[in-house]
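Below is my_file_30.txt, holding compact mmCIF, N, CA, C and O atoms.
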# COMPACT_ATOMS: atom_id res chain seq x y z
N MET A 1 -2.60 -17.57 -37.65
CA MET A 1 -3.72 -17.43 -36.75
C MET A 1 -5.01 -17.89 -37.43
O MET A 1 -5.86 -18.46 -36.80
N ARG A 2 -5.18 -17.66 -38.71
CA ARG A 2 -6.42 -18.01 -39.39
C ARG A 2 -6.58 -19.52 -39.48
O ARG A 2 -5.63 -20.23 -39.71
N GLY A 3 -7.82 -19.97 -39.29
CA GLY A 3 -8.11 -21.37 -39.41
C GLY A 3 -7.69 -22.19 -38.20
O GLY A 3 -7.90 -23.38 -38.15
N ASP A 4 -7.10 -21.58 -37.22
CA ASP A 4 -6.62 -22.27 -36.03
C ASP A 4 -7.58 -21.97 -34.89
O ASP A 4 -7.67 -20.86 -34.42
N ALA A 5 -8.31 -22.98 -34.44
CA ALA A 5 -9.35 -22.78 -33.43
C ALA A 5 -8.82 -22.14 -32.15
O ALA A 5 -9.42 -21.20 -31.65
N PRO A 6 -7.68 -22.60 -31.58
CA PRO A 6 -7.20 -21.94 -30.36
C PRO A 6 -6.87 -20.46 -30.58
O PRO A 6 -7.17 -19.63 -29.75
N ALA A 7 -6.24 -20.14 -31.70
CA ALA A 7 -5.91 -18.74 -31.98
C ALA A 7 -7.18 -17.91 -32.13
O ALA A 7 -7.24 -16.77 -31.70
N THR A 8 -8.20 -18.49 -32.75
CA THR A 8 -9.47 -17.79 -32.89
C THR A 8 -10.06 -17.50 -31.52
O THR A 8 -10.53 -16.41 -31.25
N GLY A 9 -10.00 -18.48 -30.63
CA GLY A 9 -10.49 -18.28 -29.27
C GLY A 9 -9.71 -17.21 -28.54
O GLY A 9 -10.29 -16.42 -27.80
N VAL A 10 -8.41 -17.17 -28.77
CA VAL A 10 -7.56 -16.14 -28.15
C VAL A 10 -7.96 -14.77 -28.69
O VAL A 10 -8.12 -13.82 -27.92
N PHE A 11 -8.16 -14.67 -30.00
CA PHE A 11 -8.54 -13.39 -30.57
C PHE A 11 -9.91 -12.94 -30.04
O PHE A 11 -10.10 -11.77 -29.73
N GLU A 12 -10.84 -13.86 -29.94
CA GLU A 12 -12.16 -13.52 -29.42
C GLU A 12 -12.06 -12.99 -27.99
O GLU A 12 -12.75 -12.03 -27.64
N ALA A 13 -11.20 -13.60 -27.19
CA ALA A 13 -11.01 -13.13 -25.81
C ALA A 13 -10.40 -11.73 -25.80
O ALA A 13 -10.81 -10.88 -25.00
N ILE A 14 -9.43 -11.49 -26.68
CA ILE A 14 -8.81 -10.17 -26.78
C ILE A 14 -9.86 -9.14 -27.20
O ILE A 14 -9.96 -8.06 -26.62
N TYR A 15 -10.67 -9.48 -28.20
CA TYR A 15 -11.72 -8.58 -28.67
C TYR A 15 -12.70 -8.26 -27.53
O TYR A 15 -12.99 -7.09 -27.27
N ASP A 16 -13.19 -9.31 -26.88
CA ASP A 16 -14.18 -9.11 -25.81
C ASP A 16 -13.64 -8.24 -24.69
O ASP A 16 -14.36 -7.41 -24.13
N GLU A 17 -12.37 -8.40 -24.38
CA GLU A 17 -11.76 -7.63 -23.28
C GLU A 17 -11.51 -6.18 -23.66
O GLU A 17 -11.61 -5.29 -22.82
N HIS A 18 -11.22 -5.91 -24.94
CA HIS A 18 -10.73 -4.59 -25.32
C HIS A 18 -11.69 -3.74 -26.15
O HIS A 18 -11.47 -2.54 -26.28
N VAL A 19 -12.72 -4.31 -26.73
CA VAL A 19 -13.55 -3.55 -27.66
C VAL A 19 -14.19 -2.32 -27.01
O VAL A 19 -14.19 -1.24 -27.59
N VAL A 20 -14.73 -2.46 -25.82
CA VAL A 20 -15.39 -1.32 -25.17
C VAL A 20 -14.39 -0.25 -24.76
O VAL A 20 -14.58 0.94 -25.08
N PRO A 21 -13.27 -0.60 -24.10
CA PRO A 21 -12.30 0.45 -23.76
C PRO A 21 -11.69 1.14 -24.99
O PRO A 21 -11.50 2.36 -24.98
N ILE A 22 -11.44 0.38 -26.05
CA ILE A 22 -10.89 0.98 -27.27
C ILE A 22 -11.92 1.93 -27.88
O ILE A 22 -11.60 3.04 -28.30
N TYR A 23 -13.18 1.50 -27.94
CA TYR A 23 -14.24 2.37 -28.46
C TYR A 23 -14.32 3.66 -27.65
O TYR A 23 -14.39 4.76 -28.23
N ARG A 24 -14.31 3.56 -26.35
CA ARG A 24 -14.40 4.76 -25.50
C ARG A 24 -13.20 5.68 -25.71
O ARG A 24 -13.35 6.90 -25.74
N PHE A 25 -12.02 5.09 -25.83
CA PHE A 25 -10.80 5.85 -26.09
C PHE A 25 -10.93 6.64 -27.40
O PHE A 25 -10.65 7.84 -27.45
N ILE A 26 -11.39 5.96 -28.43
CA ILE A 26 -11.54 6.61 -29.73
C ILE A 26 -12.66 7.65 -29.69
O ILE A 26 -12.49 8.77 -30.18
N HIS A 27 -13.80 7.30 -29.11
CA HIS A 27 -14.93 8.23 -29.06
C HIS A 27 -14.56 9.52 -28.35
O HIS A 27 -14.97 10.61 -28.77
N ALA A 28 -13.79 9.41 -27.28
CA ALA A 28 -13.38 10.61 -26.53
C ALA A 28 -12.54 11.54 -27.40
O ALA A 28 -12.49 12.74 -27.15
N ARG A 29 -11.91 11.01 -28.42
CA ARG A 29 -11.02 11.81 -29.26
C ARG A 29 -11.63 12.27 -30.58
O ARG A 29 -11.19 13.26 -31.13
N VAL A 30 -12.64 11.55 -31.07
CA VAL A 30 -13.28 11.98 -32.32
C VAL A 30 -14.64 12.63 -32.09
O VAL A 30 -15.10 13.39 -32.93
N GLY A 31 -15.27 12.32 -30.95
CA GLY A 31 -16.47 13.05 -30.55
C GLY A 31 -17.77 12.66 -31.21
O GLY A 31 -18.78 13.33 -31.00
N ASN A 32 -17.79 11.59 -31.99
CA ASN A 32 -19.07 11.16 -32.53
C ASN A 32 -19.10 9.65 -32.69
O ASN A 32 -18.09 9.00 -32.93
N ARG A 33 -20.29 9.11 -32.51
CA ARG A 33 -20.46 7.66 -32.47
C ARG A 33 -20.14 6.96 -33.79
O ARG A 33 -19.42 5.95 -33.78
N PRO A 34 -20.67 7.42 -34.93
CA PRO A 34 -20.40 6.68 -36.18
C PRO A 34 -18.90 6.55 -36.50
O PRO A 34 -18.44 5.47 -36.87
N ASP A 35 -18.18 7.65 -36.37
CA ASP A 35 -16.75 7.59 -36.67
C ASP A 35 -16.01 6.75 -35.65
O ASP A 35 -15.09 5.99 -35.99
N ALA A 36 -16.40 6.83 -34.39
CA ALA A 36 -15.76 6.01 -33.35
C ALA A 36 -16.00 4.53 -33.61
O ALA A 36 -15.10 3.71 -33.45
N GLU A 37 -17.21 4.19 -34.04
CA GLU A 37 -17.50 2.79 -34.36
C GLU A 37 -16.68 2.32 -35.55
O GLU A 37 -16.14 1.20 -35.54
N ASP A 38 -16.59 3.14 -36.59
CA ASP A 38 -15.81 2.78 -37.77
C ASP A 38 -14.33 2.60 -37.42
O ASP A 38 -13.70 1.63 -37.86
N LEU A 39 -13.78 3.52 -36.65
CA LEU A 39 -12.37 3.43 -36.28
C LEU A 39 -12.11 2.23 -35.38
O LEU A 39 -11.07 1.55 -35.52
N THR A 40 -13.04 1.93 -34.48
CA THR A 40 -12.88 0.76 -33.62
C THR A 40 -12.87 -0.51 -34.47
O THR A 40 -12.05 -1.41 -34.26
N ALA A 41 -13.75 -0.57 -35.44
CA ALA A 41 -13.77 -1.73 -36.34
C ALA A 41 -12.45 -1.84 -37.10
O ALA A 41 -11.91 -2.95 -37.26
N GLN A 42 -11.89 -0.71 -37.52
CA GLN A 42 -10.61 -0.74 -38.23
C GLN A 42 -9.48 -1.24 -37.33
O GLN A 42 -8.60 -1.97 -37.80
N VAL A 43 -9.51 -0.87 -36.06
CA VAL A 43 -8.50 -1.36 -35.11
C VAL A 43 -8.52 -2.88 -35.08
O VAL A 43 -7.48 -3.54 -35.19
N PHE A 44 -9.70 -3.44 -34.95
CA PHE A 44 -9.79 -4.89 -34.81
C PHE A 44 -9.62 -5.62 -36.14
O PHE A 44 -9.17 -6.78 -36.15
N MET A 45 -9.87 -4.95 -37.25
CA MET A 45 -9.53 -5.54 -38.55
C MET A 45 -8.01 -5.64 -38.69
O MET A 45 -7.49 -6.65 -39.16
N ARG A 46 -7.31 -4.62 -38.26
CA ARG A 46 -5.85 -4.68 -38.27
C ARG A 46 -5.35 -5.75 -37.33
O ARG A 46 -4.35 -6.42 -37.61
N ALA A 47 -6.03 -5.90 -36.20
CA ALA A 47 -5.62 -6.93 -35.23
C ALA A 47 -5.77 -8.32 -35.85
O ALA A 47 -4.89 -9.16 -35.67
N VAL A 48 -6.85 -8.56 -36.56
CA VAL A 48 -7.04 -9.86 -37.21
C VAL A 48 -5.89 -10.13 -38.18
O VAL A 48 -5.37 -11.24 -38.26
N GLU A 49 -5.48 -9.09 -38.90
CA GLU A 49 -4.45 -9.25 -39.92
C GLU A 49 -3.04 -9.28 -39.35
O GLU A 49 -2.17 -9.97 -39.89
N GLN A 50 -2.76 -8.54 -38.28
CA GLN A 50 -1.37 -8.30 -37.88
C GLN A 50 -1.01 -8.64 -36.45
O GLN A 50 0.17 -8.77 -36.14
N LEU A 51 -1.97 -8.77 -35.56
CA LEU A 51 -1.67 -8.94 -34.14
C LEU A 51 -1.05 -10.30 -33.85
O LEU A 51 -1.55 -11.33 -34.29
N ASP A 52 0.05 -10.28 -33.11
CA ASP A 52 0.70 -11.50 -32.64
C ASP A 52 0.06 -11.87 -31.31
O ASP A 52 0.38 -11.28 -30.27
N THR A 53 -0.85 -12.84 -31.33
CA THR A 53 -1.60 -13.20 -30.13
C THR A 53 -0.75 -13.96 -29.12
O THR A 53 -1.22 -14.22 -28.00
N SER A 54 0.48 -14.29 -29.47
CA SER A 54 1.34 -14.99 -28.51
C SER A 54 2.03 -14.01 -27.56
O SER A 54 2.64 -14.43 -26.59
N ARG A 55 1.91 -12.72 -27.83
CA ARG A 55 2.52 -11.72 -26.92
C ARG A 55 1.76 -11.68 -25.61
O ARG A 55 0.60 -12.08 -25.53
N ASP A 56 2.42 -11.14 -24.59
CA ASP A 56 1.74 -11.07 -23.30
C ASP A 56 0.63 -10.02 -23.34
O ASP A 56 0.57 -9.18 -24.23
N ARG A 57 -0.22 -10.09 -22.35
CA ARG A 57 -1.43 -9.26 -22.31
C ARG A 57 -1.14 -7.76 -22.40
O ARG A 57 -1.82 -7.03 -23.10
N GLY A 58 -0.13 -7.30 -21.68
CA GLY A 58 0.22 -5.88 -21.70
C GLY A 58 0.68 -5.41 -23.07
O GLY A 58 0.35 -4.30 -23.49
N GLN A 59 1.44 -6.25 -23.77
CA GLN A 59 1.90 -5.89 -25.10
C GLN A 59 0.75 -5.83 -26.09
O GLN A 59 0.72 -4.96 -26.97
N VAL A 60 -0.19 -6.75 -25.96
CA VAL A 60 -1.37 -6.74 -26.84
C VAL A 60 -2.17 -5.47 -26.61
O VAL A 60 -2.57 -4.79 -27.56
N THR A 61 -2.40 -5.13 -25.36
CA THR A 61 -3.15 -3.91 -25.03
C THR A 61 -2.45 -2.68 -25.57
O THR A 61 -3.08 -1.82 -26.20
N ALA A 62 -1.15 -2.59 -25.36
CA ALA A 62 -0.38 -1.45 -25.86
C ALA A 62 -0.46 -1.36 -27.38
O ALA A 62 -0.61 -0.27 -27.94
N TRP A 63 -0.38 -2.50 -28.05
CA TRP A 63 -0.45 -2.52 -29.51
C TRP A 63 -1.80 -2.01 -29.99
O TRP A 63 -1.88 -1.20 -30.92
N LEU A 64 -2.87 -2.45 -29.35
CA LEU A 64 -4.22 -2.00 -29.75
C LEU A 64 -4.38 -0.49 -29.57
O LEU A 64 -4.95 0.19 -30.44
N TYR A 65 -3.87 0.05 -28.47
CA TYR A 65 -3.97 1.49 -28.25
C TYR A 65 -3.08 2.26 -29.23
O TYR A 65 -3.45 3.35 -29.68
N ARG A 66 -1.93 1.73 -29.59
CA ARG A 66 -1.07 2.39 -30.57
C ARG A 66 -1.75 2.42 -31.94
O ARG A 66 -1.75 3.45 -32.62
N VAL A 67 -2.36 1.33 -32.34
CA VAL A 67 -3.11 1.31 -33.60
C VAL A 67 -4.25 2.32 -33.53
O VAL A 67 -4.49 3.06 -34.49
N SER A 68 -4.93 2.39 -32.40
CA SER A 68 -6.02 3.35 -32.22
C SER A 68 -5.51 4.78 -32.38
O SER A 68 -6.13 5.59 -33.08
N GLN A 69 -4.39 5.08 -31.74
CA GLN A 69 -3.83 6.43 -31.84
C GLN A 69 -3.46 6.77 -33.28
O GLN A 69 -3.70 7.89 -33.75
N ASN A 70 -2.88 5.82 -33.98
CA ASN A 70 -2.51 6.05 -35.38
C ASN A 70 -3.74 6.30 -36.25
O ASN A 70 -3.74 7.19 -37.11
N LEU A 71 -4.78 5.53 -36.04
CA LEU A 71 -6.01 5.72 -36.81
C LEU A 71 -6.68 7.06 -36.49
O LEU A 71 -7.21 7.72 -37.39
N ILE A 72 -6.65 7.45 -35.24
CA ILE A 72 -7.20 8.75 -34.85
C ILE A 72 -6.41 9.87 -35.53
O ILE A 72 -6.99 10.83 -36.05
N ALA A 73 -5.09 9.76 -35.54
CA ALA A 73 -4.26 10.77 -36.20
C ALA A 73 -4.57 10.82 -37.69
O ALA A 73 -4.71 11.91 -38.26
N ASP A 74 -4.74 9.67 -38.32
CA ASP A 74 -5.10 9.63 -39.74
C ASP A 74 -6.47 10.26 -39.97
O ASP A 74 -6.68 10.97 -40.97
N TYR A 75 -7.39 10.01 -39.07
CA TYR A 75 -8.74 10.57 -39.16
C TYR A 75 -8.68 12.10 -39.17
O TYR A 75 -9.27 12.76 -40.03
N TRP A 76 -7.99 12.67 -38.18
CA TRP A 76 -7.91 14.13 -38.08
C TRP A 76 -7.09 14.71 -39.23
O TRP A 76 -7.40 15.79 -39.74
N ARG A 77 -6.05 14.03 -39.65
CA ARG A 77 -5.23 14.49 -40.76
C ARG A 77 -6.07 14.59 -42.04
O ARG A 77 -5.99 15.55 -42.78
N ALA A 78 -6.90 13.56 -42.27
CA ALA A 78 -7.75 13.55 -43.46
C ALA A 78 -8.84 14.63 -43.37
O ALA A 78 -9.17 15.27 -44.36
N LEU A 79 -9.34 14.86 -42.17
CA LEU A 79 -10.41 15.84 -41.98
C LEU A 79 -9.90 17.27 -42.19
O LEU A 79 -10.60 18.11 -42.74
N TYR A 80 -8.68 17.53 -41.74
CA TYR A 80 -8.13 18.86 -41.84
C TYR A 80 -6.91 18.91 -42.75
O TYR A 80 -5.93 19.57 -42.46
N ARG A 81 -7.01 18.20 -43.85
CA ARG A 81 -5.92 18.13 -44.81
C ARG A 81 -5.54 19.53 -45.30
O ARG A 81 -6.40 20.32 -45.68
N LEU A 82 -4.27 19.79 -45.26
CA LEU A 82 -3.79 21.09 -45.74
C LEU A 82 -3.85 21.12 -47.26
O LEU A 82 -3.56 20.11 -47.91
N PRO A 83 -4.18 22.27 -47.84
CA PRO A 83 -4.25 22.34 -49.31
C PRO A 83 -2.88 22.19 -49.96
O PRO A 83 -1.87 22.42 -49.38
Reformat the file's structure so that it appears as structure tokens.
Amino acid sequence: MRGDAPATGVFEAIYDEHVVPIYRFIHARVGNRPDAEDLTAQVFMRAVEQLDTSRDRGQVTAWLYRVSQNLIADYWRALYRLP
């Protein structure tokens, strides 16, 4: 995907379509703006590294939400780490 102009355009379209809904999804679960922004950025950093942009739209959306859920779980796990 890197260095390939069409793939970059595809990723930009995916980002533009999903960044606000993903942010809202995360914010509703962590309850504060700074952490929601950081986690949203992490979702899209993982997408740059790992997302298969050739998948259909529904699979891409599902993948982004699954990554979001995993990051939210990691966030709460780290916050309330058991001794």
Choose the residue, out of A:Ala78, A:Ala62, A:Val20, A:Ile26, that has the smallest atom-to-atom separation from A:Leu39; count only N, CA, C and O atoms.
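Once distances to A:Leu39 are computed over only N, CA, C and O atoms, the minimum belongs to A:Ile26.
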Between A:Asp35, A:Val19, A:Ala47, A:Ile72, which one has atoms that come closest to A:Val60, using only C-alpha atoms?
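Looking at the shortest contact to A:Val60, the residue is A:Ala47.
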Atom N of A:Asp16 and atom CA of A:Arg66 are how many Å apart?
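The value is 17.2 Å.
Distances here use all atoms listed in the file; by that measure, the residue among A:Thr40, A:Phe11, A:Trp63, A:Leu51 closest to A:Arg24 is A:Thr40.
Rounded to one decimal, atom CA of A:Arg57 and atom CA of A:Val43 lie 16.6 Å from each other.
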Give me, as a list in words, all polymer residues having an atom no more than 8 Å from A:Ile22, counting all atoms listed in the file and skipping those fewer than 6 positions away in the same chain.
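Here the answer would be Tyr15, Ala28, Arg29, Ala36, Leu39, Thr40, Leu64, Tyr65 and Ser68 of chain A.
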Where in chain A does DSSP assign helix (DSSP H, G or I), given as a VMD selection string?
chain A and resid 5 to 30 33 to 50 57 to 79
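Between atom N of A:Glu37 and atom C of A:Tyr23 the interatomic distance comes to 7.0 Å.
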Using the file's own x, y and z axes, what box holds all listed atoms of stretch 16-26 of chain A with 5 Å on each side, keeping edges along x, y and z, and what are its centre and edge lengths in Å to one decimal, as lines of an AutoDock Vina configuration file?
center_x = -13.0
center_y = -0.3
center_z = -26.5
size_x = 14.7
size_y = 28.1
size_z = 17.4
Kindly indicate which residue among A:His18, A:Glu12, A:Phe25, A:Tyr80 lies nearest to A:Thr61, using all atoms listed in the file for the distances.
A:His18
